[in-house]
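The next block holds one structure in the form of structure tokens; read it before the comments.
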Amino acid sequence: MPSMQCGSDGEHELQERYGTQDRAARFYHDQVLEQLNPTMIEFIGRMDMAFIATSDKHGECDSTFRAGEPGFLHVIDERTIAYPEYRGNGVLASLGNILENPHVGILLIDFVRDLIGLHINGSARIIPDATLRNAVSGLPENLKGRTAERWVVVDVEEAYIHCRKHIPHLVPADRERRDWGTDNVRAKGGDYFGAKAQSGDRVEVAALVTR
């Protein structure tokens, strides 16, 4: 952790304001670790999805979803994890944030078996695939023919539980073949939310206004 104090200054200010200091102190003492323990490592190894939060240097936030075969989020050691980045839409929003601000928050949730979550907060850096493979053994192989372009390596600063009381129980279902890495518009979801169509409407309106 960056300091001996768990949590942000804002957390502690609100805990004092709302009288929750004792409960918070118990949680920090009982649940927050500075590294992964064996149970957390086993948990990470069987997860096939993760929710990742980043922000830029101005504090503007973004969250994203990453998925793969169980173990795609690789534990290098109890203080270091890594996940692959594949070819995407070219925006590189999360990686751009990490370039400006290395702080990341990762949330892993087991919706199927134990209905529990794990928070991992830390500092991230971007490393090319070949560079990391030369330094770290046991990295997951290519995903369905896709080659990772780079990895996000996270130095763990906090790891703690996300309680199960509101986590829904989901049952995995068979699904159609996944077109990993495709550029097929339909397979990627097309213009599901109508943004492209709306963008076209804006262009037409702008053209009318400027005539």
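All residue names refer to the structure tokens as shown: chains lettered A, B, ... in order, residues numbered from 1 in each chain, ligands numbered from 1 in order.
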
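For stretch 32-99 of chain A, the set of residues given alpha helix (DSSP H) by DSSP on the backbone reads Pro38, Thr39, Met40, Ile41, Glu42, Phe43, Ile44, Gly45, Ala93, Ser94, Leu95, Gly96, Asn97, Ile98 and Leu99 of chain A.
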
Selection above as a file: N, CA, C and O atoms, as a PDB file, in the first residue's frame:
```
ATOM      1  N   PRO A  38      -3.179 -17.633  -0.362  1.00  0.00           N
ATOM      2  CA  PRO A  38      -3.420 -18.810  -1.208  1.00  0.00           C
ATOM      3  C   PRO A  38      -4.869 -18.965  -1.664  1.00  0.00           C
ATOM      4  O   PRO A  38      -5.117 -19.385  -2.797  1.00  0.00           O
ATOM      5  N   THR A  39      -5.832 -18.622  -0.797  1.00  0.00           N
ATOM      6  CA  THR A  39      -7.240 -18.743  -1.193  1.00  0.00           C
ATOM      7  C   THR A  39      -7.575 -17.758  -2.305  1.00  0.00           C
ATOM      8  O   THR A  39      -8.303 -18.082  -3.253  1.00  0.00           O
ATOM      9  N   MET A  40      -7.054 -16.539  -2.218  1.00  0.00           N
ATOM     10  CA  MET A  40      -7.265 -15.551  -3.278  1.00  0.00           C
ATOM     11  C   MET A  40      -6.634 -16.008  -4.586  1.00  0.00           C
ATOM     12  O   MET A  40      -7.225 -15.856  -5.669  1.00  0.00           O
ATOM     13  N   ILE A  41      -5.433 -16.568  -4.511  1.00  0.00           N
ATOM     14  CA  ILE A  41      -4.744 -17.040  -5.717  1.00  0.00           C
ATOM     15  C   ILE A  41      -5.538 -18.149  -6.394  1.00  0.00           C
ATOM     16  O   ILE A  41      -5.694 -18.165  -7.626  1.00  0.00           O
ATOM     17  N   GLU A  42      -6.074 -19.076  -5.609  1.00  0.00           N
ATOM     18  CA  GLU A  42      -6.909 -20.141  -6.179  1.00  0.00           C
ATOM     19  C   GLU A  42      -8.154 -19.564  -6.817  1.00  0.00           C
ATOM     20  O   GLU A  42      -8.572 -19.999  -7.902  1.00  0.00           O
ATOM     21  N   PHE A  43      -8.756 -18.579  -6.179  1.00  0.00           N
ATOM     22  CA  PHE A  43      -9.961 -17.927  -6.687  1.00  0.00           C
ATOM     23  C   PHE A  43      -9.679 -17.275  -8.038  1.00  0.00           C
ATOM     24  O   PHE A  43     -10.423 -17.465  -9.014  1.00  0.00           O
ATOM     25  N   ILE A  44      -8.610 -16.514  -8.124  1.00  0.00           N
ATOM     26  CA  ILE A  44      -8.250 -15.845  -9.373  1.00  0.00           C
ATOM     27  C   ILE A  44      -8.045 -16.868 -10.487  1.00  0.00           C
ATOM     28  O   ILE A  44      -8.463 -16.660 -11.633  1.00  0.00           O
ATOM     29  N   GLY A  45      -7.438 -17.986 -10.158  1.00  0.00           N
ATOM     30  CA  GLY A  45      -7.117 -18.992 -11.147  1.00  0.00           C
ATOM     31  C   GLY A  45      -8.311 -19.647 -11.802  1.00  0.00           C
ATOM     32  O   GLY A  45      -8.184 -20.216 -12.890  1.00  0.00           O
ATOM     33  N   ALA A  93      -8.693   2.792 -24.545  1.00  0.00           N
ATOM     34  CA  ALA A  93      -9.107   3.696 -23.468  1.00  0.00           C
ATOM     35  C   ALA A  93      -8.471   3.335 -22.134  1.00  0.00           C
ATOM     36  O   ALA A  93      -7.916   4.195 -21.438  1.00  0.00           O
ATOM     37  N   SER A  94      -8.562   2.059 -21.755  1.00  0.00           N
ATOM     38  CA  SER A  94      -8.009   1.657 -20.457  1.00  0.00           C
ATOM     39  C   SER A  94      -6.495   1.799 -20.434  1.00  0.00           C
ATOM     40  O   SER A  94      -5.913   2.292 -19.458  1.00  0.00           O
ATOM     41  N   LEU A  95      -5.840   1.368 -21.506  1.00  0.00           N
ATOM     42  CA  LEU A  95      -4.385   1.478 -21.546  1.00  0.00           C
ATOM     43  C   LEU A  95      -3.948   2.939 -21.565  1.00  0.00           C
ATOM     44  O   LEU A  95      -2.934   3.298 -20.951  1.00  0.00           O
ATOM     45  N   GLY A  96      -4.721   3.771 -22.251  1.00  0.00           N
ATOM     46  CA  GLY A  96      -4.406   5.201 -22.245  1.00  0.00           C
ATOM     47  C   GLY A  96      -4.500   5.790 -20.849  1.00  0.00           C
ATOM     48  O   GLY A  96      -3.656   6.607 -20.451  1.00  0.00           O
ATOM     49  N   ASN A  97      -5.513   5.385 -20.108  1.00  0.00           N
ATOM     50  CA  ASN A  97      -5.626   5.847 -18.722  1.00  0.00           C
ATOM     51  C   ASN A  97      -4.433   5.387 -17.892  1.00  0.00           C
ATOM     52  O   ASN A  97      -3.857   6.152 -17.104  1.00  0.00           O
ATOM     53  N   ILE A  98      -4.069   4.103 -18.052  1.00  0.00           N
ATOM     54  CA  ILE A  98      -2.950   3.558 -17.284  1.00  0.00           C
ATOM     55  C   ILE A  98      -1.656   4.291 -17.608  1.00  0.00           C
ATOM     56  O   ILE A  98      -0.806   4.515 -16.733  1.00  0.00           O
ATOM     57  N   LEU A  99      -1.497   4.708 -18.872  1.00  0.00           N
ATOM     58  CA  LEU A  99      -0.303   5.454 -19.254  1.00  0.00           C
ATOM     59  C   LEU A  99      -0.216   6.770 -18.483  1.00  0.00           C
ATOM     60  O   LEU A  99       0.871   7.215 -18.114  1.00  0.00           O
TER      61      LEU A  99
END
```

Subject >> Shell of 12 Å around A:His169, only C-alpha atoms, local chain residues under 5 positions omitted, as JSON, numbers by chain >> reply: {"A": [109, 110, 111, 112, 113, 114, 115, 116, 164]}

**OP:** Would you please give, as number ranges by chain, all residues of stretch 3-207 of chain A that DSSP assigns to strand (DSSP E or B) based on the backbone?
**Re:** A: 33, 49-55, 61-67, 74-77, 80-85, 103-110, 116-128, 143, 146, 150-162

**OP:** Would you mind listing what lies within 12 Å of A:Val136 as number ranges by chain, with only C-alpha atoms counted and same-chain residues fewer than 3 positions away left out?
**Re:** A: 74-77, 80-82, 127, 129-133, 139-140, 151, 153

Original post:
Mind pulling up the distance from atom CA of A:Tyr86 to atom CA of A:Glu149?
Top reply: 5.4 Å

Per residue of stretch 43-158 of chain A within 12 Å of stretch 5-21 of chain A, record the nearest atom pair and its distance in Å to one decimal, counting only C-alpha atoms, with rows in chain order and ascending residue number, as CSV.
```
residue,atom,partner,partner_atom,distance
A:Asn121,CA,A:Gly7,CA,10.9
A:Glu157,CA,A:Cys6,CA,10.1
A:Glu158,CA,A:Cys6,CA,8.6
```

Subject >> Nearest candidate to A:Asp48 (options A:Ala25, A:Leu33, A:Leu92, A:Leu107; using only C-alpha atoms) >> reply: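 Checking each candidate against A:Asp48, we get A:Leu107 as the closest.
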
**OP:** Could you check which of A:Ala135, A:Leu36, A:Ala148, A:Ala24 is closest to A:Ile120, using only C-alpha atoms?
**Re:** A:Leu36

**OP:** Select, from A:Ser123, A:Ser199, A:Gln31, A:Thr147, the residue with the minimum atom-to-atom distance to A:Val104, counting only C-alpha atoms.
**Re:** A:Ser123
